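Student: My questions all concern the structure below.
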Amino acid sequence: MPIIPINYMAILVASVVAMVIGFIWYGPLFGKPWSKLMGWGEMTPEKMKEMQKKAMPAYIVSFIGFLVMGYALAHALVFLSAYFNVSGPSIGLMAGFWSWLGFVVPVTLGAVLWDGKPLTLWFINASYYLVVLLAMGYIFSVMV
């Protein structure tokens, strides 16, 4: 089996970036509508502090999930780069987009429909993963 060149520092950076995007995405950008669509009601500062204390295990699991996602995307990017014999941001963005369209969209859309949640909630969540995967693909393509 060939050794696949993986930049572990890029995976770590991309995972941290994914968490930062999440803090912004589910905070100032879409925090209020997302909270209402989730059925949690209005988020007061007190409620936010209480939830943040309880959320530490979720943050840890999410970060580990992003490490795994980054590792898988990095592998895909290595094979795509070799197959198409190209490098640079365009291949990273393409890998991120197709991973999102092929894996994230079907799973998240099905889950939202089965749970009876509004499509607006799906849009907020799915577009977050699109931005994360595009950012990861970009990071991997420039941190060679």
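Chains: A, B, ... in order of the structure tokens. Residues: from 1 per chain. Ligands: from 1, in order shown.
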Kindly assemble as JSON lines a list of the region 7-27 of chain A residues that lie within 9 Å of region 113-135 of chain A, each paired with its nearest atom pair and their distance in Å to one decimal, using only C-alpha atoms, sorted first by chain and then by ascending residue number.

Tutor:
```
{"residue": "A:Ala14", "atom": "CA", "partner": "A:Ala135", "partner_atom": "CA", "distance": 7.3}
{"residue": "A:Ser15", "atom": "CA", "partner": "A:Val132", "partner_atom": "CA", "distance": 8.9}
{"residue": "A:Val17", "atom": "CA", "partner": "A:Ala135", "partner_atom": "CA", "distance": 7.8}
{"residue": "A:Ala18", "atom": "CA", "partner": "A:Val132", "partner_atom": "CA", "distance": 5.5}
{"residue": "A:Met19", "atom": "CA", "partner": "A:Val132", "partner_atom": "CA", "distance": 8.8}
{"residue": "A:Ile21", "atom": "CA", "partner": "A:Val132", "partner_atom": "CA", "distance": 7.2}
{"residue": "A:Gly22", "atom": "CA", "partner": "A:Tyr128", "partner_atom": "CA", "distance": 7.4}
{"residue": "A:Trp25", "atom": "CA", "partner": "A:Tyr128", "partner_atom": "CA", "distance": 6.9}
{"residue": "A:Tyr26", "atom": "CA", "partner": "A:Ile124", "partner_atom": "CA", "distance": 8.7}
```

Student: Excluding same-chain residues fewer than 6 positions from region 68-76 of chain A, what lies within 8 Å of it counting only C-alpha atoms, as a list in words?

Tutor: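 Near neighbours after the sequence-gap exclusion: Ile4, Ile6, Ile11, Ala14, Ser15, Ala95, Gly96, Ser99, Met136, Gly137 and Phe140 of chain A.
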
Student: Store the residues of this selection in a file with C-alpha atoms, as a PDB file, in the first residue's frame.

Tutor:
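Written output follows (selection-v7.pdb):
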```pdb
ATOM      1  CA  ILE A   4      -0.245   8.895   1.276  1.00  0.00           C
ATOM      2  CA  ILE A   6      -0.932  13.946   4.577  1.00  0.00           C
ATOM      3  CA  ILE A  11      -5.740  19.034   9.299  1.00  0.00           C
ATOM      4  CA  ALA A  14      -8.567  23.272   9.207  1.00  0.00           C
ATOM      5  CA  SER A  15     -10.301  21.753  12.242  1.00  0.00           C
ATOM      6  CA  ALA A  95     -12.999  18.440  -3.405  1.00  0.00           C
ATOM      7  CA  GLY A  96     -14.815  20.358  -0.675  1.00  0.00           C
ATOM      8  CA  SER A  99     -17.805  16.073  -0.696  1.00  0.00           C
ATOM      9  CA  MET A 136     -10.806  22.812   4.546  1.00  0.00           C
ATOM     10  CA  GLY A 137     -10.236  22.074   0.864  1.00  0.00           C
ATOM     11  CA  PHE A 140      -5.261  21.664   2.308  1.00  0.00           C
TER      12      PHE A 140
END
```

Student: Between CA of Leu77 (chain A) and CA of Ser141 (chain A), what is the distance in Å, rounded to a tenth?

Tutor: 8.0 Å

Student: Find the residue from A:Gly65, A:Lys32, A:Pro106, A:Met94 that sits nearest to Thr44 (chain A); use only C-alpha atoms when measuring.

Tutor: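 Using only C-alpha atoms, Thr44 (chain A) sits closest to A:Lys32.
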
Student: Any idea what the distance is between CA of Ser87 (chain A) and CA of Met143 (chain A)?

Tutor: 11.1 Å

Student: One number please: CA of Ala10 (chain A) to CA of Val142 (chain A), in Å, one decimal.

Tutor: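 So the two atoms, CA of Ala10 (chain A) and CA of Val142 (chain A), lie 9.1 Å apart.
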